[in-house]
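S.K.: Let me give you the structure first, and then I'll get to my questions.
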Amino acid sequence: MDLSIIDYLQTNRTNHLEELFDFLSLPSISALPDHTEDIQKTAAWLAGALTRIGMENVKIFETNGHPIVYGDWLKAEGKPTVLIYGHYDVQPIDPIELWDSPPFEAEIREEKLFARGASDDKGQTFMHLKAIEAILQSTGTLPINIKFCIEGEEEIGSPNLPVFVEENKELLQADVVVISDTGMIEKGKPTICYGLRGLCGLQIDVKSAKGDLHSGLFGGAVQNSIHALVQILHSFRDEQGVVQVEGFYDQVQPLTEEEKQAYEALQLSDDLFIKQAGVTELFGEKGYTTLERMWVRPTLEINGIFGGFQGEGVKTVIPAKTSAKITCRLVPDQDPEEIAKLLIDHIEKNKPQGVEVSVTMFDKGAPYVTPYDHPAIQAAGKAYEKVYKVPTSYTRGGGSIPIVAAFDQLLKLPIVLMGFGLPDENFHAPNEHFHLENFDKGLQTICHYWYELAK
């Protein structure tokens, strides 16, 4: 790679940060209708930014929700084509009183950039624009072909992107998808995530009577909706955290010995996770390490229970209605639709007498994994190592990015999750920030990657 590219990044660092400040100042909160106009302004800002760095065929695609921004540069004949995905929408800022500086007025403190979207995902998406700008400005060309697909609905589950991908397969066709919306396991430890867990969410509603009943008049004679719900919830797992839903584990792929050794080589102690979580001890499925439980084993978690009297003191009622929200993190080859059916069957089998139970399905997303010895992933690892001077770690992620599975299923492409965030950067929380060390090194890494990939 031409050293003039690094010189360009260093010379223009202040300008790039000022431009990022402008990007971060736009309150593109996709979940709140009051910010619809801000979303439109942010899409327009991105389209302008893509045009300025030299992208062609730049277009804002309207959807049934928020727009998708596209642009490309396809002049590297015979070289790979990369589809870069990112999102320009951000999470709400509540509770605002916990922010130390205004969330949409970017501020640098202790070499960290504080703003909503700094890490997730405006900052990381912006880096791809500036890396391409640096190469084009320094050399006049790119070593690979580039396509951008940047959406405004990731923080609300990307409801319209799969339809867009389905309808625009030819436009988006590439050799590899690259996404920077993940993180590194620790400061100074570059990390490539080669797999994500999927998701299946639902709500259980239990009704026992037409309205709350006086416990003195009906206590002991009718079913209590909360007791009934607790009975259902208790049936989901045993005392070791093993899911008791029939067929739940039938399609789970076992971890290879090579992957087990790779996880052991990371040398991440349980004490680290105890400290991060603020718990006294860890808990989970017997026979598996903490990393295996978090990355490659499926889960069933109760996320919320509501019903009955919630105020101070006591109200002697038998609640007529109560509900719980459940999510399962899924692993290859679990199908979210099949898991949903198994959960509904289990609820029906374990429903106590005297109540009506209904189930509402929520988010679903398939799990995803690319073999970590894939050439596109190994090229990314080499690029990290050129800049960070330490071996790259290869991990799976415990969370879900539903669109990753959609790209996998619809475009049949390998996906490289090449993130630069850190676990403590408060994405989705007050005082979100991004370490400028990773902004600087990340820009260089991305540039190296395009040249590695061209080989």
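By order in the structure tokens, chains are A, B, ...; within a chain, residues start at 1; ligands start at 1, following the order shown.
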Just want the 12 Å neighbourhood of A:Ser323, counted on only C-alpha atoms, with same-chain residues fewer than 6 positions away dropped. Output as a PDB file with N, CA and C atoms, in the first residue's frame.
M.R.:
```
ATOM      1  N   LEU A 202     -40.943 -13.328  21.693  1.00  0.00           N
ATOM      2  CA  LEU A 202     -42.398 -13.443  21.800  1.00  0.00           C
ATOM      3  C   LEU A 202     -42.881 -12.857  23.123  1.00  0.00           C
ATOM      4  N   GLN A 203     -44.186 -12.608  23.183  1.00  0.00           N
ATOM      5  CA  GLN A 203     -44.848 -12.181  24.419  1.00  0.00           C
ATOM      6  C   GLN A 203     -45.933 -13.181  24.769  1.00  0.00           C
ATOM      7  N   ILE A 204     -45.974 -13.549  26.040  1.00  0.00           N
ATOM      8  CA  ILE A 204     -47.016 -14.456  26.551  1.00  0.00           C
ATOM      9  C   ILE A 204     -48.001 -13.628  27.368  1.00  0.00           C
ATOM     10  N   ASP A 205     -49.277 -13.709  27.030  1.00  0.00           N
ATOM     11  CA  ASP A 205     -50.336 -13.025  27.775  1.00  0.00           C
ATOM     12  C   ASP A 205     -51.254 -14.061  28.408  1.00  0.00           C
ATOM     13  N   VAL A 206     -51.450 -13.931  29.711  1.00  0.00           N
ATOM     14  CA  VAL A 206     -52.296 -14.868  30.468  1.00  0.00           C
ATOM     15  C   VAL A 206     -53.488 -14.109  31.036  1.00  0.00           C
ATOM     16  N   LYS A 207     -54.676 -14.651  30.820  1.00  0.00           N
ATOM     17  CA  LYS A 207     -55.905 -14.041  31.343  1.00  0.00           C
ATOM     18  C   LYS A 207     -56.665 -15.083  32.151  1.00  0.00           C
ATOM     19  N   SER A 208     -57.064 -14.683  33.380  1.00  0.00           N
ATOM     20  CA  SER A 208     -57.747 -15.634  34.254  1.00  0.00           C
ATOM     21  C   SER A 208     -59.182 -15.228  34.584  1.00  0.00           C
ATOM     22  N   SER A 225     -53.584 -15.198  37.589  1.00  0.00           N
ATOM     23  CA  SER A 225     -52.869 -15.143  36.307  1.00  0.00           C
ATOM     24  C   SER A 225     -51.353 -15.111  36.488  1.00  0.00           C
ATOM     25  N   ILE A 226     -50.885 -14.452  37.567  1.00  0.00           N
ATOM     26  CA  ILE A 226     -49.436 -14.385  37.785  1.00  0.00           C
ATOM     27  C   ILE A 226     -48.890 -15.754  38.172  1.00  0.00           C
ATOM     28  N   HIS A 227     -49.590 -16.465  39.065  1.00  0.00           N
ATOM     29  CA  HIS A 227     -49.158 -17.823  39.409  1.00  0.00           C
ATOM     30  C   HIS A 227     -49.106 -18.700  38.169  1.00  0.00           C
ATOM     31  N   ALA A 228     -50.124 -18.574  37.307  1.00  0.00           N
ATOM     32  CA  ALA A 228     -50.180 -19.388  36.087  1.00  0.00           C
ATOM     33  C   ALA A 228     -49.010 -19.068  35.161  1.00  0.00           C
ATOM     34  N   LEU A 229     -48.706 -17.768  35.024  1.00  0.00           N
ATOM     35  CA  LEU A 229     -47.590 -17.369  34.170  1.00  0.00           C
ATOM     36  C   LEU A 229     -46.265 -17.873  34.730  1.00  0.00           C
ATOM     37  N   VAL A 230     -46.084 -17.745  36.042  1.00  0.00           N
ATOM     38  CA  VAL A 230     -44.844 -18.223  36.676  1.00  0.00           C
ATOM     39  C   VAL A 230     -44.665 -19.717  36.438  1.00  0.00           C
ATOM     40  N   ILE A 232     -45.698 -21.416  33.861  1.00  0.00           N
ATOM     41  CA  ILE A 232     -45.248 -21.584  32.474  1.00  0.00           C
ATOM     42  C   ILE A 232     -43.773 -21.224  32.342  1.00  0.00           C
ATOM     43  N   LEU A 233     -43.389 -20.085  32.921  1.00  0.00           N
ATOM     44  CA  LEU A 233     -42.003 -19.622  32.807  1.00  0.00           C
ATOM     45  C   LEU A 233     -41.027 -20.593  33.461  1.00  0.00           C
ATOM     46  N   ILE A 302     -36.030 -14.661  30.004  1.00  0.00           N
ATOM     47  CA  ILE A 302     -37.205 -13.837  30.317  1.00  0.00           C
ATOM     48  C   ILE A 302     -36.731 -12.395  30.406  1.00  0.00           C
ATOM     49  N   ASN A 303     -37.260 -11.520  29.562  1.00  0.00           N
ATOM     50  CA  ASN A 303     -36.804 -10.128  29.502  1.00  0.00           C
ATOM     51  C   ASN A 303     -37.675  -9.171  30.301  1.00  0.00           C
ATOM     52  N   GLY A 304     -38.886  -9.599  30.646  1.00  0.00           N
ATOM     53  CA  GLY A 304     -39.753  -8.711  31.399  1.00  0.00           C
ATOM     54  C   GLY A 304     -41.042  -9.404  31.797  1.00  0.00           C
ATOM     55  N   ILE A 305     -41.566  -9.047  32.990  1.00  0.00           N
ATOM     56  CA  ILE A 305     -42.850  -9.558  33.480  1.00  0.00           C
ATOM     57  C   ILE A 305     -43.655  -8.364  33.980  1.00  0.00           C
ATOM     58  N   PHE A 306     -44.919  -8.298  33.608  1.00  0.00           N
ATOM     59  CA  PHE A 306     -45.744  -7.195  34.092  1.00  0.00           C
ATOM     60  C   PHE A 306     -47.180  -7.677  34.291  1.00  0.00           C
ATOM     61  N   GLY A 307     -47.806  -7.125  35.355  1.00  0.00           N
ATOM     62  CA  GLY A 307     -49.173  -7.488  35.702  1.00  0.00           C
ATOM     63  C   GLY A 307     -49.404  -7.281  37.184  1.00  0.00           C
ATOM     64  N   GLY A 308     -50.647  -7.125  37.555  1.00  0.00           N
ATOM     65  CA  GLY A 308     -50.974  -6.953  38.967  1.00  0.00           C
ATOM     66  C   GLY A 308     -50.696  -5.552  39.460  1.00  0.00           C
ATOM     67  N   GLU A 356     -56.678 -18.425  30.082  1.00  0.00           N
ATOM     68  CA  GLU A 356     -56.502 -18.350  28.629  1.00  0.00           C
ATOM     69  C   GLU A 356     -55.110 -17.793  28.360  1.00  0.00           C
ATOM     70  N   VAL A 357     -54.403 -18.407  27.422  1.00  0.00           N
ATOM     71  CA  VAL A 357     -53.035 -17.976  27.097  1.00  0.00           C
ATOM     72  C   VAL A 357     -52.953 -17.640  25.617  1.00  0.00           C
ATOM     73  N   SER A 358     -52.408 -16.474  25.299  1.00  0.00           N
ATOM     74  CA  SER A 358     -52.161 -16.095  23.910  1.00  0.00           C
ATOM     75  C   SER A 358     -50.697 -15.722  23.745  1.00  0.00           C
ATOM     76  N   VAL A 359     -50.181 -15.907  22.531  1.00  0.00           N
ATOM     77  CA  VAL A 359     -48.771 -15.638  22.238  1.00  0.00           C
ATOM     78  C   VAL A 359     -48.677 -14.681  21.053  1.00  0.00           C
ATOM     79  N   THR A 360     -47.874 -13.644  21.210  1.00  0.00           N
ATOM     80  CA  THR A 360     -47.605 -12.694  20.129  1.00  0.00           C
ATOM     81  C   THR A 360     -46.134 -12.790  19.762  1.00  0.00           C
TER      82      THR A 360
END
```
S.K.: Excluding same-chain residues fewer than 4 positions from stretch 416-428 of chain A, what lies within 8 Å of it counting only C-alpha atoms, as an mmCIF file with N, CA and C atoms, in the first residue's frame?
M.R.:
```
data_model
loop_
_atom_site.group_PDB
_atom_site.id
_atom_site.type_symbol
_atom_site.label_atom_id
_atom_site.label_comp_id
_atom_site.auth_asym_id
_atom_site.auth_seq_id
_atom_site.Cartn_x
_atom_site.Cartn_y
_atom_site.Cartn_z
ATOM 1 N N GLN A 91 -29.871 5.180 18.303
ATOM 2 C CA GLN A 91 -30.804 4.901 19.402
ATOM 3 C C GLN A 91 -31.317 6.209 20.022
ATOM 4 N N PRO A 92 -32.474 6.162 20.697
ATOM 5 C CA PRO A 92 -32.915 7.328 21.487
ATOM 6 C C PRO A 92 -31.870 7.686 22.541
ATOM 7 N N ILE A 93 -31.972 8.880 23.081
ATOM 8 C CA ILE A 93 -30.929 9.389 23.987
ATOM 9 C C ILE A 93 -31.291 9.269 25.464
ATOM 10 N N ARG A 116 -24.015 10.575 20.535
ATOM 11 C CA ARG A 116 -24.843 9.446 20.121
ATOM 12 C C ARG A 116 -24.487 9.077 18.678
ATOM 13 N N GLY A 117 -24.191 7.804 18.473
ATOM 14 C CA GLY A 117 -23.794 7.310 17.158
ATOM 15 C C GLY A 117 -22.299 7.288 16.926
ATOM 16 N N SER A 119 -19.969 5.448 18.148
ATOM 17 C CA SER A 119 -19.488 4.083 17.961
ATOM 18 C C SER A 119 -20.473 3.245 17.154
ATOM 19 N N ASP A 120 -21.761 3.461 17.398
ATOM 20 C CA ASP A 120 -22.828 2.640 16.803
ATOM 21 C C ASP A 120 -23.807 3.529 16.031
ATOM 22 N N GLN A 124 -18.205 4.383 12.763
ATOM 23 C CA GLN A 124 -17.570 3.278 12.052
ATOM 24 C C GLN A 124 -17.905 3.304 10.562
ATOM 25 N N VAL A 176 -18.079 -9.982 -1.563
ATOM 26 C CA VAL A 176 -18.024 -10.057 -0.104
ATOM 27 C C VAL A 176 -18.770 -8.857 0.473
ATOM 28 N N VAL A 177 -19.402 -9.050 1.610
ATOM 29 C CA VAL A 177 -20.029 -7.962 2.356
ATOM 30 C C VAL A 177 -19.124 -7.624 3.537
ATOM 31 N N VAL A 178 -18.851 -6.338 3.746
ATOM 32 C CA VAL A 178 -18.042 -5.897 4.879
ATOM 33 C C VAL A 178 -18.888 -4.975 5.749
ATOM 34 N N ILE A 179 -18.920 -5.271 7.049
ATOM 35 C CA ILE A 179 -19.730 -4.506 7.995
ATOM 36 C C ILE A 179 -18.865 -4.114 9.185
ATOM 37 N N SER A 180 -18.866 -2.845 9.517
ATOM 38 C CA SER A 180 -18.191 -2.379 10.736
ATOM 39 C C SER A 180 -19.259 -1.894 11.707
ATOM 40 N N ASP A 181 -19.841 -2.828 12.428
ATOM 41 C CA ASP A 181 -20.881 -2.526 13.425
ATOM 42 C C ASP A 181 -20.717 -3.447 14.628
ATOM 43 N N THR A 182 -19.488 -3.931 14.798
ATOM 44 C CA THR A 182 -19.163 -4.805 15.925
ATOM 45 C C THR A 182 -17.969 -4.191 16.655
ATOM 46 N N GLY A 183 -17.333 -4.962 17.521
ATOM 47 C CA GLY A 183 -16.255 -4.392 18.310
ATOM 48 C C GLY A 183 -15.084 -5.338 18.492
ATOM 49 N N MET A 184 -14.087 -4.844 19.218
ATOM 50 C CA MET A 184 -12.910 -5.611 19.579
ATOM 51 C C MET A 184 -13.097 -6.147 21.003
ATOM 52 N N ILE A 185 -12.510 -7.296 21.285
ATOM 53 C CA ILE A 185 -12.738 -7.902 22.607
ATOM 54 C C ILE A 185 -12.098 -7.086 23.724
ATOM 55 N N GLU A 186 -11.006 -6.399 23.413
ATOM 56 C CA GLU A 186 -10.325 -5.554 24.398
ATOM 57 C C GLU A 186 -9.569 -4.457 23.668
ATOM 58 N N LYS A 187 -9.180 -3.423 24.396
ATOM 59 C CA LYS A 187 -8.354 -2.352 23.819
ATOM 60 C C LYS A 187 -7.052 -2.946 23.303
ATOM 61 N N PRO A 190 -7.277 -6.449 18.080
ATOM 62 C CA PRO A 190 -8.158 -6.477 16.914
ATOM 63 C C PRO A 190 -8.939 -7.783 16.847
ATOM 64 N N THR A 191 -10.182 -7.671 16.436
ATOM 65 C CA THR A 191 -11.098 -8.807 16.511
ATOM 66 C C THR A 191 -11.984 -8.855 15.272
ATOM 67 N N ILE A 192 -12.097 -10.034 14.698
ATOM 68 C CA ILE A 192 -13.043 -10.265 13.616
ATOM 69 C C ILE A 192 -14.106 -11.223 14.115
ATOM 70 N N CYS A 193 -15.350 -10.799 14.007
ATOM 71 C CA CYS A 193 -16.487 -11.630 14.404
ATOM 72 C C CYS A 193 -16.954 -12.406 13.165
ATOM 73 N N TYR A 194 -16.897 -13.732 13.216
ATOM 74 C CA TYR A 194 -17.265 -14.524 12.041
ATOM 75 C C TYR A 194 -18.622 -15.225 12.200
ATOM 76 N N ALA A 376 -11.448 -14.062 2.603
ATOM 77 C CA ALA A 376 -11.832 -12.668 2.856
ATOM 78 C C ALA A 376 -11.658 -12.304 4.321
ATOM 79 N N ILE A 377 -11.903 -13.251 5.212
ATOM 80 C CA ILE A 377 -11.729 -13.014 6.644
ATOM 81 C C ILE A 377 -10.246 -13.007 7.007
ATOM 82 N N ALA A 380 -8.651 -9.770 6.111
ATOM 83 C CA ALA A 380 -8.958 -8.738 7.098
ATOM 84 C C ALA A 380 -8.059 -8.884 8.318
ATOM 85 N N GLU A 432 -22.349 7.610 25.111
ATOM 86 C CA GLU A 432 -21.737 6.794 24.061
ATOM 87 C C GLU A 432 -20.485 7.508 23.552
ATOM 88 N N HIS A 433 -19.427 6.723 23.278
ATOM 89 C CA HIS A 433 -18.190 7.327 22.806
ATOM 90 C C HIS A 433 -17.411 6.350 21.945
ATOM 91 N N PHE A 434 -16.386 6.872 21.286
ATOM 92 C CA PHE A 434 -15.543 6.083 20.397
ATOM 93 C C PHE A 434 -14.095 6.492 20.651
ATOM 94 N N HIS A 435 -13.227 5.514 20.867
ATOM 95 C CA HIS A 435 -11.818 5.811 21.135
ATOM 96 C C HIS A 435 -11.136 6.271 19.847
ATOM 97 N N ASN A 438 -8.737 4.000 17.920
ATOM 98 C CA ASN A 438 -9.296 3.051 16.956
ATOM 99 C C ASN A 438 -9.850 3.747 15.721
ATOM 100 N N PHE A 439 -10.191 5.013 15.831
ATOM 101 C CA PHE A 439 -10.546 5.791 14.646
ATOM 102 C C PHE A 439 -9.322 5.896 13.737
ATOM 103 N N GLY A 442 -8.112 2.296 12.790
ATOM 104 C CA GLY A 442 -9.141 1.664 11.980
ATOM 105 C C GLY A 442 -9.118 2.141 10.542
#
```
S.K.: Measuring atom to atom with only C-alpha atoms, identify which of A:Ser269, A:Thr36, A:Gln137, A:Gln378 is nearest to A:Leu282.
M.R.: A:Ser269
S.K.: Taking the DSSP secondary structure from the backbone, can you list the residues of stretch 365-412 of chain A that are alpha helix (DSSP H), as a list in words?
M.R.: Pro375, Ala376, Ile377, Gln378, Ala379, Ala380, Gly381, Lys382, Ala383, Tyr384, Glu385, Lys386, Val387, Tyr388, Pro402, Ile403, Val404, Ala405, Ala406, Phe407, Asp408, Gln409, Leu410 and Leu411 of chain A
S.K.: Save out the residues we just selected, C-alpha atoms, as a PDB file, in the first residue's frame.
M.R.:
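Now in again-v1.pdb:
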```pdb
ATOM      1  CA  PRO A 375      -9.825 -15.896   2.450  1.00  0.00           C
ATOM      2  CA  ALA A 376     -11.832 -12.668   2.856  1.00  0.00           C
ATOM      3  CA  ILE A 377     -11.729 -13.014   6.644  1.00  0.00           C
ATOM      4  CA  GLN A 378      -8.050 -13.977   6.742  1.00  0.00           C
ATOM      5  CA  ALA A 379      -7.199 -10.957   4.554  1.00  0.00           C
ATOM      6  CA  ALA A 380      -8.958  -8.738   7.098  1.00  0.00           C
ATOM      7  CA  GLY A 381      -6.933 -10.379   9.868  1.00  0.00           C
ATOM      8  CA  LYS A 382      -3.694  -9.576   8.045  1.00  0.00           C
ATOM      9  CA  ALA A 383      -4.770  -5.952   7.632  1.00  0.00           C
ATOM     10  CA  TYR A 384      -5.431  -5.601  11.363  1.00  0.00           C
ATOM     11  CA  GLU A 385      -2.053  -7.119  12.197  1.00  0.00           C
ATOM     12  CA  LYS A 386      -0.177  -4.687   9.917  1.00  0.00           C
ATOM     13  CA  VAL A 387      -1.556  -1.775  11.974  1.00  0.00           C
ATOM     14  CA  TYR A 388      -2.056  -3.123  15.519  1.00  0.00           C
ATOM     15  CA  PRO A 402     -30.780  -9.617  11.600  1.00  0.00           C
ATOM     16  CA  ILE A 403     -29.733  -8.090   8.286  1.00  0.00           C
ATOM     17  CA  VAL A 404     -26.508 -10.139   8.354  1.00  0.00           C
ATOM     18  CA  ALA A 405     -28.515 -13.332   7.989  1.00  0.00           C
ATOM     19  CA  ALA A 406     -30.641 -11.668   5.303  1.00  0.00           C
ATOM     20  CA  PHE A 407     -27.529 -10.779   3.280  1.00  0.00           C
ATOM     21  CA  ASP A 408     -26.315 -14.346   3.710  1.00  0.00           C
ATOM     22  CA  GLN A 409     -29.607 -15.906   2.603  1.00  0.00           C
ATOM     23  CA  LEU A 410     -30.482 -13.476  -0.208  1.00  0.00           C
ATOM     24  CA  LEU A 411     -27.088 -12.659  -1.736  1.00  0.00           C
TER      25      LEU A 411
END
```
S.K.: Quick one: residues within 12 Å of A:Gly284, only C-alpha atoms counted, chain neighbours fewer than 5 positions away excluded, as an mmCIF file with N, CA and C atoms, in the first residue's frame?
M.R.:
```cif
data_model
loop_
_atom_site.group_PDB
_atom_site.id
_atom_site.type_symbol
_atom_site.label_atom_id
_atom_site.label_comp_id
_atom_site.auth_asym_id
_atom_site.auth_seq_id
_atom_site.Cartn_x
_atom_site.Cartn_y
_atom_site.Cartn_z
ATOM 1 N N ARG A 237 -36.816 -23.782 31.707
ATOM 2 C CA ARG A 237 -35.424 -24.152 31.965
ATOM 3 C C ARG A 237 -35.324 -24.944 33.253
ATOM 4 N N ASP A 238 -34.271 -25.782 33.343
ATOM 5 C CA ASP A 238 -34.017 -26.466 34.606
ATOM 6 C C ASP A 238 -33.063 -25.625 35.454
ATOM 7 N N GLU A 239 -32.630 -26.155 36.592
ATOM 8 C CA GLU A 239 -31.808 -25.375 37.522
ATOM 9 C C GLU A 239 -30.412 -25.088 36.979
ATOM 10 N N GLN A 240 -29.983 -25.808 35.941
ATOM 11 C CA GLN A 240 -28.675 -25.585 35.339
ATOM 12 C C GLN A 240 -28.755 -24.672 34.116
ATOM 13 N N GLY A 241 -29.956 -24.132 33.838
ATOM 14 C CA GLY A 241 -30.107 -23.256 32.688
ATOM 15 C C GLY A 241 -30.329 -23.974 31.372
ATOM 16 N N VAL A 242 -30.548 -25.287 31.407
ATOM 17 C CA VAL A 242 -30.786 -26.058 30.188
ATOM 18 C C VAL A 242 -32.243 -25.901 29.775
ATOM 19 N N VAL A 243 -32.468 -25.503 28.538
ATOM 20 C CA VAL A 243 -33.820 -25.270 28.036
ATOM 21 C C VAL A 243 -34.563 -26.589 27.924
ATOM 22 N N THR A 289 -17.915 -23.748 28.428
ATOM 23 C CA THR A 289 -17.195 -22.595 28.965
ATOM 24 C C THR A 289 -18.063 -21.344 28.844
ATOM 25 N N THR A 290 -17.613 -20.284 29.507
ATOM 26 C CA THR A 290 -18.364 -19.025 29.438
ATOM 27 C C THR A 290 -18.447 -18.502 28.012
ATOM 28 N N LEU A 291 -17.332 -18.549 27.263
ATOM 29 C CA LEU A 291 -17.362 -18.076 25.883
ATOM 30 C C LEU A 291 -18.304 -18.916 25.031
ATOM 31 N N GLU A 292 -18.304 -20.231 25.245
ATOM 32 C CA GLU A 292 -19.217 -21.084 24.486
ATOM 33 C C GLU A 292 -20.664 -20.750 24.803
ATOM 34 N N ARG A 293 -20.959 -20.497 26.080
ATOM 35 C CA ARG A 293 -22.331 -20.131 26.459
ATOM 36 C C ARG A 293 -22.763 -18.818 25.817
ATOM 37 N N MET A 294 -21.826 -17.878 25.695
ATOM 38 C CA MET A 294 -22.174 -16.557 25.181
ATOM 39 C C MET A 294 -22.194 -16.499 23.659
ATOM 40 N N ARG A 297 -23.830 -21.280 22.055
ATOM 41 C CA ARG A 297 -24.946 -22.058 22.602
ATOM 42 C C ARG A 297 -26.213 -21.201 22.563
ATOM 43 N N PRO A 298 -27.367 -21.812 22.311
ATOM 44 C CA PRO A 298 -28.620 -21.054 22.287
ATOM 45 C C PRO A 298 -29.109 -20.764 23.697
ATOM 46 N N THR A 299 -29.945 -19.748 23.824
ATOM 47 C CA THR A 299 -30.455 -19.341 25.134
ATOM 48 C C THR A 299 -31.956 -19.127 25.083
ATOM 49 N N LEU A 300 -32.556 -19.102 26.250
ATOM 50 C CA LEU A 300 -33.943 -18.669 26.427
ATOM 51 C C LEU A 300 -33.974 -17.796 27.667
ATOM 52 N N GLU A 301 -34.314 -16.524 27.484
ATOM 53 C CA GLU A 301 -34.288 -15.576 28.590
ATOM 54 C C GLU A 301 -35.644 -14.889 28.753
#
```
S.K.: Using only C-alpha atoms, which of A:Thr81, A:Ser158, A:Gln334, A:Asn57 sits nearest A:Leu199?
M.R.: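 Among the listed residues, A:Gln334 lies closest to A:Leu199.
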S.K.: Pick the closest to A:Glu77 from A:Ile146, A:Glu110, A:Ala324, A:Pro391: which is it, counting only C-alpha atoms?
M.R.: A:Ile146
